[in-house]
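Q: First the structure, which I've put down as structure tokens, then a few questions once you've had a look.
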Amino acid sequence: MYTLAILKYLEEHGFEAFRPKAVLFDMDGVLYDSMPNHAIAWQESMAKFGIHMTADDAYATEGARGVDTIRFMVLQQQRREIDEAEAQRMYDEKSRIFHSLPEAPLMPGILDLMQQIHAAGIQCGIVTGSGQLPLIERLKRDFGAFVDEKHITTAYDVKRGKPAPDPYLTGLQKAGGLQPNEAIVIENAPLGVRAGHAAHIFTIAVNTGPLANEELLGAGADLIFPTMVELSSCWQKLVPAL
């Protein structure tokens, strides 16, 4: 199964070989089981600005820059365009509510997976649509053994967020100027999967949320796993295929 997925990837993108030197992880829903908290924070904060946002909206827009999500919702519901500064003020309220909630736990299986990747001599990087500085500090605290700050890509590093390829292309540059066929993306959301696919990087989806597998496969996932624990347990079988 793994070999066939890789051969299909190589054929689709016109690469002769697949030589992964880095794994680029999304953050929310991949490193942390944080999406329930984000859904609460989005709904409560946007209600203060007259924007109706559901939990499904939060999951559907996961991975995009927060300011882009806000500008889209305002345009859709209030028929007006706002600049990034106004969207940032609204996003700051979302961030405040998010950080008032209990700290989200690490995703089960993620540390074991990173340890295996690190032991194989492959870099770990993080590519997130978040621009919340306290979260960046937590990343360094929780994953500092595997990822340093220069390999973390955030909303502040790009003009266009997911589903544009820019965040993952920036992640490749931060990993040492790698080519797309020298990396793997691990994502859990359609927008993130689309970004990895658009960057021509082999993209593994881990369905840690409420979405149907078909949504992630339709977005361009090359492989899909039901949990991070399952991906971690299969990594040693996946590595020979890589």
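The way I read the labels, and the way they are meant: chains A, B, ... in the order of the structure tokens, residue 1 as the first residue of every chain, and ligand 1 as the first ligand shown, with later ones counted on from there.
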Hey, what's within 10 Å of region 6-18 of chain A if we count only C-alpha atoms and toss same-chain stuff fewer than 4 positions away? As a PyMOL selection string, please?
A: chain A and resi 1-2+180-184+197+200-203+221-223+241-242
Q: Kindly save the residues from that selection, with all heavy atoms included, as a short mmCIF file (atom, residue, chain, number, x, y, z; two decimals), in the first residue's frame.
A:
data_model
loop_
_atom_site.label_atom_id
_atom_site.label_comp_id
_atom_site.auth_asym_id
_atom_site.auth_seq_id
_atom_site.Cartn_x
_atom_site.Cartn_y
_atom_site.Cartn_z
N MET A 1 0.83 -1.21 0.00
CA MET A 1 0.00 0.00 0.00
C MET A 1 0.87 1.26 0.00
O MET A 1 0.63 2.19 -0.75
CB MET A 1 -0.91 0.01 1.22
CG MET A 1 -1.77 1.27 1.33
SD MET A 1 -2.85 1.30 2.78
CE MET A 1 -1.62 1.59 4.07
N TYR A 2 1.89 1.28 0.88
CA TYR A 2 2.73 2.47 0.99
C TYR A 2 3.53 2.70 -0.29
O TYR A 2 3.65 3.82 -0.78
CB TYR A 2 3.68 2.34 2.18
CG TYR A 2 2.97 2.11 3.50
CD1 TYR A 2 3.52 1.30 4.47
CD2 TYR A 2 1.75 2.72 3.77
CE1 TYR A 2 2.89 1.09 5.68
CE2 TYR A 2 1.10 2.52 4.96
CZ TYR A 2 1.67 1.70 5.93
OH TYR A 2 1.02 1.49 7.12
N PRO A 180 10.59 19.67 -2.95
CA PRO A 180 9.36 19.04 -2.46
C PRO A 180 9.45 17.53 -2.27
O PRO A 180 8.84 16.97 -1.34
CB PRO A 180 8.33 19.40 -3.54
CG PRO A 180 8.83 20.68 -4.11
CD PRO A 180 10.32 20.55 -4.11
N ASN A 181 10.20 16.84 -3.13
CA ASN A 181 10.32 15.38 -3.00
C ASN A 181 11.33 14.96 -1.93
O ASN A 181 11.66 13.78 -1.82
CB ASN A 181 10.70 14.76 -4.35
CG ASN A 181 12.05 15.23 -4.87
OD1 ASN A 181 12.44 16.37 -4.65
ND2 ASN A 181 12.74 14.36 -5.57
N GLU A 182 11.78 15.94 -1.14
CA GLU A 182 12.68 15.64 -0.03
C GLU A 182 12.00 15.86 1.32
O GLU A 182 12.68 15.97 2.34
CB GLU A 182 13.94 16.51 -0.12
CG GLU A 182 14.78 16.21 -1.36
CD GLU A 182 16.02 17.10 -1.46
OE1 GLU A 182 15.88 18.33 -1.28
OE2 GLU A 182 17.10 16.56 -1.73
N ALA A 183 10.67 15.91 1.33
CA ALA A 183 9.96 16.16 2.58
C ALA A 183 8.64 15.39 2.62
O ALA A 183 8.17 14.86 1.62
CB ALA A 183 9.70 17.66 2.75
N ILE A 184 8.07 15.36 3.81
CA ILE A 184 6.75 14.78 4.06
C ILE A 184 5.96 15.80 4.87
O ILE A 184 6.50 16.41 5.80
CB ILE A 184 6.86 13.46 4.86
CG1 ILE A 184 7.62 12.40 4.07
CG2 ILE A 184 5.47 12.94 5.25
CD1 ILE A 184 7.99 11.19 4.91
N HIS A 197 -0.28 19.41 -0.77
CA HIS A 197 -0.40 18.88 -2.13
C HIS A 197 0.00 19.94 -3.15
O HIS A 197 0.71 19.64 -4.12
CB HIS A 197 -1.84 18.42 -2.37
CG HIS A 197 -2.05 17.80 -3.71
ND1 HIS A 197 -1.64 16.52 -4.01
CD2 HIS A 197 -2.63 18.29 -4.84
CE1 HIS A 197 -1.95 16.24 -5.27
NE2 HIS A 197 -2.55 17.30 -5.79
N HIS A 200 3.52 20.23 -3.75
CA HIS A 200 4.07 19.02 -4.37
C HIS A 200 4.84 18.17 -3.37
O HIS A 200 5.79 17.46 -3.75
CB HIS A 200 4.95 19.35 -5.57
CG HIS A 200 4.22 20.02 -6.69
ND1 HIS A 200 4.82 20.41 -7.87
CD2 HIS A 200 2.92 20.38 -6.82
CE1 HIS A 200 3.94 20.97 -8.67
NE2 HIS A 200 2.76 20.97 -8.05
N ILE A 201 4.44 18.23 -2.11
CA ILE A 201 5.07 17.44 -1.05
C ILE A 201 4.19 16.23 -0.74
O ILE A 201 2.97 16.34 -0.72
CB ILE A 201 5.28 18.27 0.23
CG1 ILE A 201 6.09 19.53 -0.08
CG2 ILE A 201 5.98 17.46 1.31
CD1 ILE A 201 6.18 20.51 1.09
N PHE A 202 4.80 15.08 -0.49
CA PHE A 202 4.06 13.87 -0.11
C PHE A 202 3.32 14.17 1.21
O PHE A 202 3.95 14.51 2.21
CB PHE A 202 5.02 12.70 0.08
CG PHE A 202 4.33 11.37 0.29
CD1 PHE A 202 3.91 10.63 -0.81
CD2 PHE A 202 4.12 10.88 1.56
CE1 PHE A 202 3.29 9.40 -0.62
CE2 PHE A 202 3.49 9.66 1.75
CZ PHE A 202 3.07 8.91 0.66
N THR A 203 2.00 14.06 1.19
CA THR A 203 1.18 14.53 2.30
C THR A 203 0.43 13.38 2.95
O THR A 203 -0.37 12.69 2.31
CB THR A 203 0.19 15.61 1.84
OG1 THR A 203 0.94 16.71 1.27
CG2 THR A 203 -0.65 16.12 2.99
N ALA A 221 -4.62 14.12 -0.07
CA ALA A 221 -3.77 13.31 0.80
C ALA A 221 -3.26 12.09 0.05
O ALA A 221 -4.02 11.41 -0.64
CB ALA A 221 -4.54 12.88 2.05
N ASP A 222 -1.97 11.78 0.23
CA ASP A 222 -1.37 10.61 -0.41
C ASP A 222 -1.60 9.35 0.42
O ASP A 222 -1.71 8.25 -0.13
CB ASP A 222 0.12 10.84 -0.62
CG ASP A 222 0.40 11.98 -1.58
OD1 ASP A 222 0.13 11.81 -2.78
OD2 ASP A 222 0.83 13.05 -1.12
N LEU A 223 -1.65 9.50 1.72
CA LEU A 223 -1.97 8.42 2.64
C LEU A 223 -2.83 8.98 3.76
O LEU A 223 -2.77 10.18 4.04
CB LEU A 223 -0.70 7.81 3.26
CG LEU A 223 0.16 6.88 2.41
CD1 LEU A 223 1.45 6.53 3.17
CD2 LEU A 223 -0.60 5.61 2.04
N ALA A 241 9.52 1.69 2.62
CA ALA A 241 8.91 2.12 1.36
C ALA A 241 9.46 3.48 0.95
O ALA A 241 9.64 3.75 -0.23
CB ALA A 241 7.39 2.18 1.51
N LEU A 242 9.70 4.35 1.94
CA LEU A 242 10.25 5.66 1.63
C LEU A 242 11.67 5.55 1.11
O LEU A 242 12.09 6.35 0.28
CB LEU A 242 10.22 6.55 2.89
CG LEU A 242 8.86 6.80 3.53
CD1 LEU A 242 9.01 7.67 4.76
CD2 LEU A 242 7.91 7.44 2.55
#
Q: Applying 9 Å and only C-alpha atoms, which residues near Val229 (chain A) remain after dropping the ones on its own chain fewer than 3 positions away? List them as a ChimeraX atom specification.
A: /A:107-110,112-113,226,232-234
Q: Assign secondary structure with DSSP using the backbone only, and return the residues of region 55-219 of chain A in alpha helix (DSSP H) as a count of residues only.
A: 81
Q: Would you list the contacts of Lys140 (chain A) as a VMD selection string, taking every protein, DNA or RNA residue within 12 Å and counting only C-alpha atoms, but skipping same-chain residues closer than 5 positions in sequence?
A: chain A and resid 125 to 126 133 to 135 145 to 152
Q: Tell me which of A:Ala47, A:Arg160, A:Trp235, A:Ile204 sits closest to Ala5 (chain A), counting only C-alpha atoms.
A: A:Ile204
Q: With only C-alpha atoms as the atoms that count, which of A:Leu172, A:Asp57, A:Ala189, A:Asn213 lies nearest to Cys124 (chain A)?
A: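 Among the listed residues, A:Leu172 lies closest to Cys124 (chain A).
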Q: Could you give me, as a list in words, the residues within 8 Å of Pro105 (chain A), counting only C-alpha atoms and dropping anything in the same chain fewer than 5 positions from it?
A: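 The contact residues come out as Tyr32, Asp33 and Ser34 of chain A.
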Q: Kindly give the distance, in Å, that separates CA of His118 (chain A) and CA of Glu230 (chain A), rounded to a single decimal.
A: 18.0 Å
Q: Would you mind telling me which residue in A:Leu24, A:Val158, A:Leu238, A:Ala104 lies nearest to Gly192 (chain A) when using only C-alpha atoms?
A: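 Answer, going by the shortest atom-to-atom distance: A:Leu24.
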Q: Nearest to Gln88 (chain A): which of A:Ala120, A:Ala155, A:Leu216, A:Val206 is it, counting only C-alpha atoms?
A: A:Ala155
Q: Tell me, in Å to one decimal, how far CA of Trp42 (chain A) is from CA of Leu111 (chain A).
A: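 Those two atoms sit 27.7 Å apart.
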Q: For Arg96 (chain A), work out the shell of residues within 12 Å, counting only C-alpha atoms and skipping chain neighbours fewer than 3 positions away, then give it as a PyMOL selection string.
A: chain A and resi 37-38+40-42+44-45+89-93+99-101+132-135
Q: With N, CA, C and O atoms kept, could you save the residues just selected as an mmCIF file, in the first residue's frame?
A:
data_model
loop_
_atom_site.group_PDB
_atom_site.id
_atom_site.type_symbol
_atom_site.label_atom_id
_atom_site.label_comp_id
_atom_site.auth_asym_id
_atom_site.auth_seq_id
_atom_site.Cartn_x
_atom_site.Cartn_y
_atom_site.Cartn_z
ATOM 1 N N ASN A 37 -10.871 23.236 21.777
ATOM 2 C CA ASN A 37 -10.684 24.560 22.374
ATOM 3 C C ASN A 37 -10.775 25.668 21.329
ATOM 4 O O ASN A 37 -11.352 26.734 21.572
ATOM 5 N N HIS A 38 -10.203 25.429 20.164
ATOM 6 C CA HIS A 38 -10.274 26.432 19.107
ATOM 7 C C HIS A 38 -11.720 26.669 18.685
ATOM 8 O O HIS A 38 -12.116 27.814 18.432
ATOM 9 N N ILE A 40 -14.424 26.420 20.476
ATOM 10 C CA ILE A 40 -15.065 27.246 21.506
ATOM 11 C C ILE A 40 -14.626 28.700 21.368
ATOM 12 O O ILE A 40 -15.444 29.623 21.389
ATOM 13 N N ALA A 41 -13.322 28.912 21.240
ATOM 14 C CA ALA A 41 -12.790 30.276 21.171
ATOM 15 C C ALA A 41 -13.288 31.007 19.926
ATOM 16 O O ALA A 41 -13.613 32.202 19.996
ATOM 17 N N TRP A 42 -13.357 30.306 18.811
ATOM 18 C CA TRP A 42 -13.857 30.943 17.591
ATOM 19 C C TRP A 42 -15.315 31.374 17.756
ATOM 20 O O TRP A 42 -15.689 32.499 17.414
ATOM 21 N N GLU A 44 -17.155 31.906 20.515
ATOM 22 C CA GLU A 44 -17.380 32.949 21.520
ATOM 23 C C GLU A 44 -16.838 34.301 21.064
ATOM 24 O O GLU A 44 -17.487 35.341 21.248
ATOM 25 N N SER A 45 -15.665 34.311 20.467
ATOM 26 C CA SER A 45 -15.062 35.585 20.070
ATOM 27 C C SER A 45 -15.801 36.220 18.902
ATOM 28 O O SER A 45 -16.082 37.419 18.902
ATOM 29 N N ARG A 89 -7.245 42.614 15.257
ATOM 30 C CA ARG A 89 -7.850 42.976 16.543
ATOM 31 C C ARG A 89 -8.922 41.952 16.940
ATOM 32 O O ARG A 89 -9.037 41.594 18.120
ATOM 33 N N MET A 90 -9.676 41.486 15.975
ATOM 34 C CA MET A 90 -10.677 40.462 16.249
ATOM 35 C C MET A 90 -10.005 39.136 16.605
ATOM 36 O O MET A 90 -10.450 38.413 17.508
ATOM 37 N N TYR A 91 -8.920 38.837 15.906
ATOM 38 C CA TYR A 91 -8.176 37.592 16.176
ATOM 39 C C TYR A 91 -7.540 37.627 17.563
ATOM 40 O O TYR A 91 -7.437 36.593 18.235
ATOM 41 N N ASP A 92 -7.132 38.798 18.007
ATOM 42 C CA ASP A 92 -6.558 38.923 19.350
ATOM 43 C C ASP A 92 -7.572 38.509 20.412
ATOM 44 O O ASP A 92 -7.205 37.899 21.430
ATOM 45 N N GLU A 93 -8.849 38.832 20.192
ATOM 46 C CA GLU A 93 -9.887 38.420 21.137
ATOM 47 C C GLU A 93 -10.067 36.902 21.100
ATOM 48 O O GLU A 93 -10.242 36.267 22.142
ATOM 49 N N HIS A 99 -6.621 31.133 25.155
ATOM 50 C CA HIS A 99 -5.630 30.949 26.214
ATOM 51 C C HIS A 99 -6.240 30.983 27.617
ATOM 52 O O HIS A 99 -5.554 30.668 28.589
ATOM 53 N N SER A 100 -7.518 31.337 27.711
ATOM 54 C CA SER A 100 -8.199 31.258 29.004
ATOM 55 C C SER A 100 -8.733 29.857 29.272
ATOM 56 O O SER A 100 -9.123 29.540 30.401
ATOM 57 N N LEU A 101 -8.735 29.003 28.258
ATOM 58 C CA LEU A 101 -9.242 27.640 28.392
ATOM 59 C C LEU A 101 -8.133 26.721 28.892
ATOM 60 O O LEU A 101 -6.945 27.040 28.802
ATOM 61 N N GLN A 132 -0.128 32.989 17.231
ATOM 62 C CA GLN A 132 -0.222 33.217 18.675
ATOM 63 C C GLN A 132 1.132 32.920 19.330
ATOM 64 O O GLN A 132 1.559 31.775 19.419
ATOM 65 N N LEU A 133 1.797 33.964 19.779
ATOM 66 C CA LEU A 133 3.157 33.819 20.310
ATOM 67 C C LEU A 133 3.250 32.864 21.496
ATOM 68 O O LEU A 133 4.222 32.120 21.612
ATOM 69 N N PRO A 134 2.277 32.843 22.431
ATOM 70 C CA PRO A 134 2.383 31.871 23.535
ATOM 71 C C PRO A 134 2.426 30.428 23.049
ATOM 72 O O PRO A 134 3.076 29.587 23.665
ATOM 73 N N LEU A 135 1.749 30.147 21.926
ATOM 74 C CA LEU A 135 1.786 28.792 21.393
ATOM 75 C C LEU A 135 3.173 28.451 20.868
ATOM 76 O O LEU A 135 3.619 27.310 20.975
#
Q: CA of Ile122 (chain A) and CA of Thr153 (chain A) are how many Å apart?
A: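 CA of Ile122 (chain A) sits 17.5 Å away from CA of Thr153 (chain A).
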